[in-house]
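Reproduced below: coords.pdb, with PDB, C-alpha atoms (C1' of nucleotides).
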```pdb
ATOM      1  CA  MET X   1      98.290 -50.826  96.511
ATOM      2  CA  SER X   2     100.372 -47.723  96.667
ATOM      3  CA  ILE X   3     101.588 -47.976  93.113
ATOM      4  CA  SER X   4      98.808 -49.126  90.848
ATOM      5  CA  THR X   5      96.180 -46.409  90.670
ATOM      6  CA  PRO X   6      95.791 -43.814  93.364
ATOM      7  CA  PRO X   7      93.279 -41.821  91.378
ATOM      8  CA  ALA X   8      91.977 -38.858  93.250
ATOM      9  CA  GLU X   9      94.734 -37.669  95.504
ATOM     10  CA  ALA X  10      97.100 -37.797  92.579
ATOM     11  CA  ALA X  11      96.696 -34.143  91.761
ATOM     12  CA  ALA X  12      97.476 -33.308  95.312
ATOM     13  CA  CYS X  13      97.286 -29.750  96.455
ATOM     14  CA  CYS X  14      99.486 -27.057  95.132
ATOM     15  CA  ALA X  15     101.554 -28.214  92.274
ATOM     16  CA  PRO X  16     100.413 -26.160  89.319
ATOM     17  CA  LEU X  17     102.109 -27.708  86.355
ATOM     18  CA  THR X  18     103.178 -24.255  85.379
ATOM     19  CA  ALA X  19     105.492 -24.131  88.359
ATOM     20  CA  GLN X  20     107.912 -26.944  87.724
ATOM     21  CA  PRO X  21     108.152 -29.782  85.220
ATOM     22  CA  LEU X  22     105.916 -32.729  85.916
ATOM     23  CA  ASP X  23     107.768 -35.996  86.052
ATOM     24  CA  ALA X  24     106.436 -38.906  84.050
ATOM     25  CA  ASP X  25     105.150 -40.702  87.112
ATOM     26  CA  ALA X  26     103.153 -37.740  88.338
ATOM     27  CA  ALA X  27     101.710 -37.210  84.897
ATOM     28  CA  GLU X  28     100.572 -40.816  84.696
ATOM     29  CA  ALA X  29      98.911 -40.385  88.054
ATOM     30  CA  VAL X  30      96.938 -37.301  87.138
ATOM     31  CA  VAL X  31      95.929 -38.276  83.630
ATOM     32  CA  PRO X  32      93.232 -40.810  84.601
ATOM     33  CA  LEU X  33      91.428 -38.016  86.357
ATOM     34  CA  LEU X  34      91.579 -35.758  83.339
ATOM     35  CA  LYS X  35      90.628 -38.617  81.075
ATOM     36  CA  ALA X  36      87.567 -39.235  83.196
ATOM     37  CA  LEU X  37      86.505 -35.639  82.699
ATOM     38  CA  ALA X  38      87.463 -35.448  79.034
ATOM     39  CA  ASP X  39      84.194 -36.826  77.766
ATOM     40  CA  PRO X  40      81.096 -34.788  76.977
ATOM     41  CA  VAL X  41      78.733 -37.268  78.580
ATOM     42  CA  ARG X  42      80.764 -37.614  81.739
ATOM     43  CA  LEU X  43      81.259 -33.891  82.016
ATOM     44  CA  ARG X  44      77.528 -33.398  81.826
ATOM     45  CA  ILE X  45      76.964 -36.183  84.318
ATOM     46  CA  VAL X  46      79.236 -34.477  86.821
ATOM     47  CA  SER X  47      77.471 -31.217  86.199
ATOM     48  CA  LEU X  48      74.033 -32.764  86.477
ATOM     49  CA  VAL X  49      74.874 -34.583  89.679
ATOM     50  CA  ALA X  50      76.390 -31.491  91.247
ATOM     51  CA  ALA X  51      73.488 -29.283  90.287
ATOM     52  CA  HIS X  52      70.852 -31.851  91.171
ATOM     53  CA  GLU X  53      68.664 -31.437  94.178
ATOM     54  CA  GLY X  54      70.554 -32.384  97.305
ATOM     55  CA  GLY X  55      73.784 -32.559  95.345
ATOM     56  CA  GLU X  56      73.080 -36.152  94.494
ATOM     57  CA  ALA X  57      71.376 -38.068  91.724
ATOM     58  CA  CYS X  58      70.509 -41.664  91.007
ATOM     59  CA  VAL X  59      71.132 -43.469  87.758
ATOM     60  CA  CYS X  60      67.513 -43.137  86.745
ATOM     61  CA  ASP X  61      67.762 -39.354  86.988
ATOM     62  CA  LEU X  62      70.702 -39.372  84.623
ATOM     63  CA  GLN X  63      69.177 -41.818  82.194
ATOM     64  CA  GLU X  64      66.428 -39.313  81.490
ATOM     65  CA  ALA X  65      68.980 -36.658  80.577
ATOM     66  CA  PHE X  66      70.743 -38.689  77.907
ATOM     67  CA  GLU X  67      69.742 -40.747  74.939
ATOM     68  CA  LEU X  68      72.042 -43.509  75.994
ATOM     69  CA  SER X  69      71.491 -47.031  77.170
ATOM     70  CA  GLN X  70      71.497 -47.764  80.857
ATOM     71  CA  PRO X  71      74.721 -49.809  80.721
ATOM     72  CA  THR X  72      76.479 -46.899  79.054
ATOM     73  CA  ILE X  73      75.413 -44.498  81.775
ATOM     74  CA  SER X  74      76.474 -47.039  84.333
ATOM     75  CA  HIS X  75      79.824 -47.374  82.612
ATOM     76  CA  HIS X  76      80.439 -43.631  82.718
ATOM     77  CA  LEU X  77      79.467 -43.532  86.358
ATOM     78  CA  LYS X  78      81.924 -46.307  87.064
ATOM     79  CA  VAL X  79      84.685 -44.380  85.321
ATOM     80  CA  LEU X  80      83.914 -41.242  87.268
ATOM     81  CA  HIS X  81      83.648 -43.183  90.499
ATOM     82  CA  THR X  82      86.924 -44.998  89.899
ATOM     83  CA  ALA X  83      88.618 -41.706  89.140
ATOM     84  CA  GLY X  84      87.403 -40.327  92.435
ATOM     85  CA  VAL X  85      85.157 -37.706  90.889
ATOM     86  CA  LEU X  86      81.908 -39.199  92.113
ATOM     87  CA  ASP X  87      80.970 -40.854  95.381
ATOM     88  CA  ARG X  88      78.590 -43.765  95.263
ATOM     89  CA  GLU X  89      76.038 -44.664  97.870
ATOM     90  CA  LYS X  90      73.495 -47.418  97.485
ATOM     91  CA  ARG X  91      70.203 -46.868  99.235
ATOM     92  CA  GLY X  92      67.747 -49.663  98.644
ATOM     93  CA  THR X  93      67.403 -50.392  94.982
ATOM     94  CA  TRP X  94      68.790 -47.055  93.930
ATOM     95  CA  ALA X  95      72.393 -45.906  93.677
ATOM     96  CA  TYR X  96      73.025 -42.282  94.457
ATOM     97  CA  TYR X  97      76.044 -40.420  93.205
ATOM     98  CA  ARG X  98      77.472 -37.141  94.435
ATOM     99  CA  VAL X  99      80.442 -35.048  93.391
ATOM    100  CA  ARG X 100      83.689 -35.126  95.341
ATOM    101  CA  ALA X 101      84.477 -31.441  95.342
ATOM    102  CA  GLU X 102      87.991 -32.065  96.577
ATOM    103  CA  THR X 103      88.851 -34.109  93.524
ATOM    104  CA  LEU X 104      87.669 -31.462  91.120
ATOM    105  CA  GLY X 105      89.406 -28.884  93.244
ATOM    106  CA  SER X 106      92.722 -30.679  93.012
ATOM    107  CA  VAL X 107      92.531 -30.719  89.235
ATOM    108  CA  ALA X 108      91.612 -27.069  89.236
ATOM    109  CA  ALA X 109      94.575 -26.329  91.470
ATOM    110  CA  LEU X 110      96.832 -28.248  89.153
ATOM    111  CA  LEU X 111      95.769 -26.187  86.178
ATOM    112  CA  ALA X 112      95.368 -22.924  88.009
ATOM    113  CA  ALA X 113      98.007 -20.692  86.525
ATOM    114  CA  PRO X 114      99.368 -17.775  88.466
ATOM    115  CA  ALA X 115      99.002 -14.593  86.472
ATOM    116  CA  GLY X 116     102.645 -14.236  85.559
ATOM    117  CA  VAL X 117     103.940 -17.586  84.462
ATOM    118  CA  GLY X 118     107.313 -16.153  83.590
ATOM    119  CA  THR X 119     110.717 -17.190  84.811
ATOM    120  CA  SER X 120     111.434 -15.516  88.091
ATOM    121  CA  GLU X 121     107.857 -14.851  89.009
ATOM    122  CA  ARG X 122     107.057 -16.381  92.335
ATOM    123  CA  THR X 123     103.905 -18.465  92.559
ATOM    124  CA  PRO X 124     101.707 -16.638  95.016
ATOM    125  CA  GLY X 125      99.770 -17.940  97.965
ATOM    126  CA  CYS X 126      99.846 -21.642  97.696
ATOM    127  CA  ASP X 127     101.305 -22.791 100.934
TER     128      ASP X 127
ATOM    129  CA  MET H 128      83.474 -20.479  62.018
ATOM    130  CA  SER H 129      81.453 -19.866  65.098
ATOM    131  CA  ILE H 130      80.245 -23.417  65.262
ATOM    132  CA  SER H 131      83.075 -25.779  64.418
ATOM    133  CA  THR H 132      85.700 -25.570  67.117
ATOM    134  CA  PRO H 133      86.131 -22.544  69.290
ATOM    135  CA  PRO H 134      88.657 -24.244  71.494
ATOM    136  CA  ALA H 135      90.054 -22.017  74.135
ATOM    137  CA  GLU H 136      87.361 -19.571  75.057
ATOM    138  CA  ALA H 137      84.951 -22.462  75.342
ATOM    139  CA  ALA H 138      85.399 -22.799  79.074
ATOM    140  CA  ALA H 139      84.757 -19.145  79.409
ATOM    141  CA  CYS H 140      85.028 -17.544  82.791
ATOM    142  CA  CYS H 141      82.833 -18.443  85.652
ATOM    143  CA  ALA H 142      80.677 -21.408  84.951
ATOM    144  CA  PRO H 143      81.790 -24.052  87.388
ATOM    145  CA  LEU H 144      79.995 -27.176  86.311
ATOM    146  CA  THR H 145      79.004 -27.661  89.894
ATOM    147  CA  ALA H 146      76.764 -24.623  89.682
ATOM    148  CA  GLN H 147      74.248 -25.571  87.040
ATOM    149  CA  PRO H 148      73.879 -28.405  84.552
ATOM    150  CA  LEU H 149      76.049 -28.149  81.507
ATOM    151  CA  ASP H 150      74.098 -28.386  78.280
ATOM    152  CA  ALA H 151      75.329 -30.780  75.630
ATOM    153  CA  ASP H 152      76.634 -28.016  73.415
ATOM    154  CA  ALA H 153      78.726 -26.447  76.152
ATOM    155  CA  ALA H 154      80.108 -29.842  77.086
ATOM    156  CA  GLU H 155      81.148 -30.531  73.512
ATOM    157  CA  ALA H 156      82.898 -27.178  73.472
ATOM    158  CA  VAL H 157      84.932 -27.755  76.602
ATOM    159  CA  VAL H 158      85.822 -31.380  76.060
ATOM    160  CA  PRO H 159      88.486 -30.819  73.348
ATOM    161  CA  LEU H 160      90.400 -28.765  75.851
ATOM    162  CA  LEU H 161      90.231 -31.465  78.489
ATOM    163  CA  LYS H 162      91.047 -34.125  75.909
ATOM    164  CA  ALA H 163      94.138 -32.160  74.965
ATOM    165  CA  LEU H 164      95.293 -32.223  78.564
ATOM    166  CA  ALA H 165      94.245 -35.815  79.251
ATOM    167  CA  ASP H 166      97.456 -37.331  77.966
ATOM    168  CA  PRO H 167     100.583 -37.924  80.026
ATOM    169  CA  VAL H 168     102.921 -36.728  77.306
ATOM    170  CA  ARG H 169     100.950 -33.581  76.604
ATOM    171  CA  LEU H 170     100.554 -32.817  80.271
ATOM    172  CA  ARG H 171     104.302 -33.051  80.702
ATOM    173  CA  ILE H 172     104.842 -30.943  77.613
ATOM    174  CA  VAL H 173     102.684 -28.195  79.033
ATOM    175  CA  SER H 174     104.511 -28.437  82.318
ATOM    176  CA  LEU H 175     107.926 -28.440  80.660
ATOM    177  CA  VAL H 176     107.099 -25.482  78.472
ATOM    178  CA  ALA H 177     105.711 -23.487  81.359
ATOM    179  CA  ALA H 178     108.638 -24.245  83.617
ATOM    180  CA  HIS H 179     111.227 -23.769  80.911
ATOM    181  CA  GLU H 180     113.504 -20.787  80.908
ATOM    182  CA  GLY H 181     111.657 -17.771  79.607
ATOM    183  CA  GLY H 182     108.376 -19.645  79.736
ATOM    184  CA  GLU H 183     108.967 -20.976  76.273
ATOM    185  CA  ALA H 184     110.564 -23.993  74.684
ATOM    186  CA  CYS H 185     111.299 -25.201  71.187
ATOM    187  CA  VAL H 186     110.579 -28.648  69.843
ATOM    188  CA  CYS H 187     114.187 -29.693  70.207
ATOM    189  CA  ASP H 188     114.039 -28.966  73.934
ATOM    190  CA  LEU H 189     111.043 -31.235  74.288
ATOM    191  CA  GLN H 190     112.455 -34.008  72.160
ATOM    192  CA  GLU H 191     115.227 -34.464  74.685
ATOM    193  CA  ALA H 192     112.728 -34.950  77.473
ATOM    194  CA  PHE H 193     110.843 -37.814  75.849
ATOM    195  CA  GLU H 194     111.711 -41.046  74.154
ATOM    196  CA  LEU H 195     109.365 -40.292  71.338
ATOM    197  CA  SER H 196     109.853 -39.611  67.677
ATOM    198  CA  GLN H 197     109.937 -36.040  66.475
ATOM    199  CA  PRO H 198     106.666 -36.319  64.528
ATOM    200  CA  THR H 199     104.931 -37.570  67.643
ATOM    201  CA  ILE H 200     106.126 -34.605  69.665
ATOM    202  CA  SER H 201     105.081 -32.338  66.853
ATOM    203  CA  HIS H 202     101.689 -34.004  66.795
ATOM    204  CA  HIS H 203     101.151 -33.424  70.506
ATOM    205  CA  LEU H 204     102.212 -29.831  70.122
ATOM    206  CA  LYS H 205      99.714 -29.397  67.340
ATOM    207  CA  VAL H 206      96.958 -30.809  69.516
ATOM    208  CA  LEU H 207      97.849 -28.498  72.368
ATOM    209  CA  HIS H 208      98.127 -25.549  70.040
ATOM    210  CA  THR H 209      94.809 -26.289  68.368
ATOM    211  CA  ALA H 210      93.167 -26.575  71.765
ATOM    212  CA  GLY H 211      94.510 -23.176  72.686
ATOM    213  CA  VAL H 212      96.762 -24.430  75.440
ATOM    214  CA  LEU H 213     100.002 -23.481  73.743
ATOM    215  CA  ASP H 214     100.974 -20.478  71.687
ATOM    216  CA  ARG H 215     103.273 -21.047  68.754
ATOM    217  CA  GLU H 216     105.864 -18.621  67.497
ATOM    218  CA  LYS H 217     108.311 -19.439  64.746
ATOM    219  CA  ARG H 218     111.662 -17.724  64.996
ATOM    220  CA  GLY H 219     114.007 -18.759  62.254
ATOM    221  CA  THR H 220     114.206 -22.484  61.957
ATOM    222  CA  TRP H 221     112.929 -23.048  65.445
ATOM    223  CA  ALA H 222     109.369 -23.057  66.707
ATOM    224  CA  TYR H 223     108.864 -21.797  70.210
ATOM    225  CA  TYR H 224     105.856 -22.717  72.277
ATOM    226  CA  ARG H 225     104.550 -21.040  75.396
ATOM    227  CA  VAL H 226     101.614 -21.732  77.657
ATOM    228  CA  ARG H 227      98.423 -19.714  77.397
ATOM    229  CA  ALA H 228      97.728 -19.207  81.077
ATOM    230  CA  GLU H 229      94.231 -17.962  80.359
ATOM    231  CA  THR H 230      93.246 -21.236  78.741
ATOM    232  CA  LEU H 231      94.435 -23.321  81.650
ATOM    233  CA  GLY H 232      92.811 -20.823  83.957
ATOM    234  CA  SER H 233      89.456 -21.191  82.291
ATOM    235  CA  VAL H 234      89.544 -24.952  82.733
ATOM    236  CA  ALA H 235      90.568 -24.506  86.321
ATOM    237  CA  ALA H 236      87.669 -22.114  86.831
ATOM    238  CA  LEU H 237      85.308 -24.601  85.280
ATOM    239  CA  LEU H 238      86.361 -27.302  87.693
ATOM    240  CA  ALA H 239      86.882 -25.066  90.681
ATOM    241  CA  ALA H 240      84.272 -26.205  93.129
ATOM    242  CA  PRO H 241      82.987 -23.862  95.779
ATOM    243  CA  ALA H 242      83.366 -25.471  99.178
ATOM    244  CA  GLY H 243      79.686 -26.220  99.669
ATOM    245  CA  VAL H 244      78.343 -27.749  96.503
ATOM    246  CA  GLY H 245      74.956 -28.236  98.039
ATOM    247  CA  THR H 246      71.595 -27.133  96.768
ATOM    248  CA  SER H 247      70.940 -23.564  97.688
ATOM    249  CA  GLU H 248      74.542 -22.566  98.138
ATOM    250  CA  ARG H 249      75.372 -19.533  96.108
ATOM    251  CA  THR H 250      78.566 -19.642  94.079
ATOM    252  CA  PRO H 251      80.804 -17.034  95.622
ATOM    253  CA  GLY H 252      82.946 -14.349  94.118
ATOM    254  CA  CYS H 253      83.146 -15.024  90.469
ATOM    255  CA  ASP H 254      82.108 -11.852  88.829
TER     256      ASP H 254
ATOM    257  C1'  DA K 255      58.670 -67.779  97.603
ATOM    258  C1'  DC K 256      57.882 -65.408  93.325
ATOM    259  C1'  DC K 257      58.212 -61.554  90.470
ATOM    260  C1'  DG K 258      59.484 -57.072  88.745
ATOM    261  C1'  DG K 259      62.496 -53.151  88.823
ATOM    262  C1'  DA K 260      67.155 -50.729  89.427
ATOM    263  C1'  DC K 261      71.710 -51.102  88.606
ATOM    264  C1'  DA K 262      76.170 -53.546  87.416
ATOM    265  C1'  DT K 263      78.907 -56.663  84.592
ATOM    266  C1'  DC K 264      80.228 -59.110  80.346
ATOM    267  C1'  DG K 265      81.209 -59.549  75.543
ATOM    268  C1'  DA K 266      81.494 -57.588  71.114
ATOM    269  C1'  DC K 267      81.635 -53.926  67.696
ATOM    270  C1'  DC K 268      83.739 -49.898  65.898
ATOM    271  C1'  DG K 269      85.382 -45.296  65.612
ATOM    272  C1'  DA K 270      88.918 -42.244  67.819
ATOM    273  C1'  DG K 271      93.475 -41.334  68.735
ATOM    274  C1'  DG K 272      98.703 -42.124  69.944
ATOM    275  C1'  DT K 273     102.663 -43.682  67.495
ATOM    276  C1'  DG K 274     106.379 -44.031  64.012
ATOM    277  C1'  DA K 275     108.469 -44.271  59.086
ATOM    278  C1'  DA K 276     108.685 -41.704  55.141
ATOM    279  C1'  DT K 277     108.204 -37.382  53.084
ATOM    280  C1'  DA K 278     107.462 -32.426  52.531
ATOM    281  C1'  DT K 279     108.489 -27.671  53.811
ATOM    282  C1'  DT K 280     110.958 -23.858  55.387
ATOM    283  C1'  DC K 281     114.907 -21.470  56.887
ATOM    284  C1'  DA K 282     119.966 -20.406  57.846
ATOM    285  C1'  DC K 283     124.345 -20.645  56.032
ATOM    286  C1'  DC K 284     127.992 -21.017  52.641
TER     287       DC K 284
ATOM    288  C1'  DG Z 285     121.329 -21.418  44.583
ATOM    289  C1'  DG Z 286     122.490 -25.594  46.928
ATOM    290  C1'  DT Z 287     122.875 -28.043  51.242
ATOM    291  C1'  DG Z 288     121.690 -29.427  55.785
ATOM    292  C1'  DA Z 289     118.983 -28.867  59.894
ATOM    293  C1'  DA Z 290     114.489 -28.026  62.378
ATOM    294  C1'  DT Z 291     109.786 -28.694  62.177
ATOM    295  C1'  DA Z 292     105.322 -30.069  60.041
ATOM    296  C1'  DT Z 293     102.481 -33.293  57.350
ATOM    297  C1'  DT Z 294     100.938 -37.655  55.470
ATOM    298  C1'  DC Z 295      99.932 -42.429  55.845
ATOM    299  C1'  DA Z 296      99.286 -46.701  58.078
ATOM    300  C1'  DC Z 297      99.143 -49.522  62.264
ATOM    301  C1'  DC Z 298      97.245 -50.769  66.459
ATOM    302  C1'  DT Z 299      95.539 -50.015  70.967
ATOM    303  C1'  DC Z 300      92.075 -47.710  73.728
ATOM    304  C1'  DG Z 301      87.642 -46.509  74.836
ATOM    305  C1'  DG Z 302      82.470 -45.379  74.069
ATOM    306  C1'  DT Z 303      78.490 -47.874  72.914
ATOM    307  C1'  DC Z 304      74.898 -51.441  73.103
ATOM    308  C1'  DG Z 305      72.620 -56.050  73.784
ATOM    309  C1'  DA Z 306      72.362 -59.760  76.869
ATOM    310  C1'  DT Z 307      72.789 -61.285  81.280
ATOM    311  C1'  DG Z 308      73.627 -61.230  86.288
ATOM    312  C1'  DT Z 309      72.702 -59.465  91.009
ATOM    313  C1'  DC Z 310      70.292 -57.347  94.604
ATOM    314  C1'  DC Z 311      66.291 -55.294  96.616
ATOM    315  C1'  DG Z 312      61.293 -54.407  97.470
ATOM    316  C1'  DG Z 313      56.555 -55.658  97.065
ATOM    317  C1'  DT Z 314      52.803 -58.966  96.680
TER     318       DT Z 314
END
```
Could you write out this structure as C-alpha cells?
Amino acid sequence: MSISTPPAEAAACCAPLTAQPLDADAAEAVVPLLKALADPVRLRIVSLVAAHEGGEACVCDLQEAFELSQPTISHHLKVLHTAGVLDREKRGTWAYYRVRAETLGSVAALLAAPAGVGTSERTPGCD
Amino acid sequence: MSISTPPAEAAACCAPLTAQPLDADAAEAVVPLLKALADPVRLRIVSLVAAHEGGEACVCDLQEAFELSQPTISHHLKVLHTAGVLDREKRGTWAYYRVRAETLGSVAALLAAPAGVGTSERTPGCD
DNA sequence: ACCGGACATCGACCGAGGTGAATATTCACC
DNA sequence: GGTGAATATTCACCTCGGTCGATGTCCGGT
C-alpha cells in the first residue's frame, strides 16, 4: 500500500527539482501526476472543472465541451482522479468532479524554480 | 513558424488553468512541455542538470547516472531541448545543457492554484 | 417492477513514443 | 590529414496509452 502508487502526495511540498537531484524512486512517484496532466483533453478538463460554476462539473458538462465519446471522457476523468488531480463525488445519477488544488500546487512547487538556479544560490523561502 | 510548435513560451505567464477554461489551442501548446517533463528519466535529467555544479552538465555526466544507452540519453535531451526546458551549448567536443528556469516557472505558474479555487474568487497577485 | 438515463468498465484497434544497434558528424589532438 | 572520442541521427522494435463500441451498473421516475 505504501509502495505501489501514492499518486498525489508524491510531489510533496518543497523539493524543487532544481535544488537537488531527484532519485529514481522519487521521479517514478511524481511522473504519473505529470503524465495525467500531459494530455490536451485532460488539461482542458481540469481547467473546465476548475472554472466551472461552483468549482465542480459533472460528466455531462464535460461531454458537451469535447467531441469525444462518453467512455473516453470517463477514462480521462478516471486518470485524473487516480492521479489525485480531481475529486469525485457521486450525487444521485450524476458524478461531480472538482479540482484538488493541493495536488496541482505540489506539482507547481516541484517545478517552481528560484530565480537564480546557480551553484551556491540558496533556495529562498521554502521552509 | 508561429503555428507549428512554440514550445516554451506557450505556458506564458499568468494563466492558471484554474482561473478560466483553457481553449483547445492553448492546451495543445502547453502539452508538449508537460509531455517533456512527464518521463522519469527526463525529470531526473532536468533535476541532475539543475543541481549539477555550475548549473550545467554534459551528456557524459548524465550517462553515468543512468543505465541507458547514449543515444537514448541524447534523445531525451533533444526532447527537453525542443520543449524549451534545457538550453544547449556546445563547447568543443562536449555539449553542455542547463535548465531554462523561465520555462519551468511558466509551467509552475500555469498549475499554481490560488488557495480558493471557487467561483467568484479573484486570482491574486499575478500581474 | 419496469424502463430510461448517467456513468463506469471491458475489449480491441492503432498511433505515439521510449529504447537500443548501427551509423553519421564534429571536434581535439598528434 | 588521420585517428579517436563525444554527441547526434537514423531505423526498427515494442510497449504504452488514447479512442471507441458494446456492455454493465446504479439511480430516478412512472
Using only C-alpha atoms (C1' of nucleotides), can you tell me which of X:Val30, X:Val99, X:His75, X:Ala65 comes closest to DT263 of chain K?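 So, comparing all the options, the nearest one is X:His75.
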Name the residues that the PyMOL selection byres ((chain Z and resi 288-304) around 6) pulls out of this structure, and write them as number ranges by chain. H: 220; Z: 287, 305
When the cut-off is 10 Å and we count all atoms listed in the file, which residues of chain K are near chain X, given as a PyMOL selection string? chain K and resi 259-263
What's the separation between atom CA of Arg171 of chain H and atom CA of Ala235 of chain H, in Å to one decimal place?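 Atom CA of Arg171 of chain H sits 17.1 Å away from atom CA of Ala235 of chain H.
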When you draw a straight line from atom CA of Glu183 of chain H to atom C1' of DA275 of chain K, how long is it in Å?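 Rounded to one decimal, the two atoms are 29.0 Å apart.
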How far is it from atom CA of His76 of chain X to atom CA of Glu102 of chain X, in Å with one decimal?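 Atom-to-atom, atom CA of His76 of chain X to atom CA of Glu102 of chain X, that is 19.6 Å.
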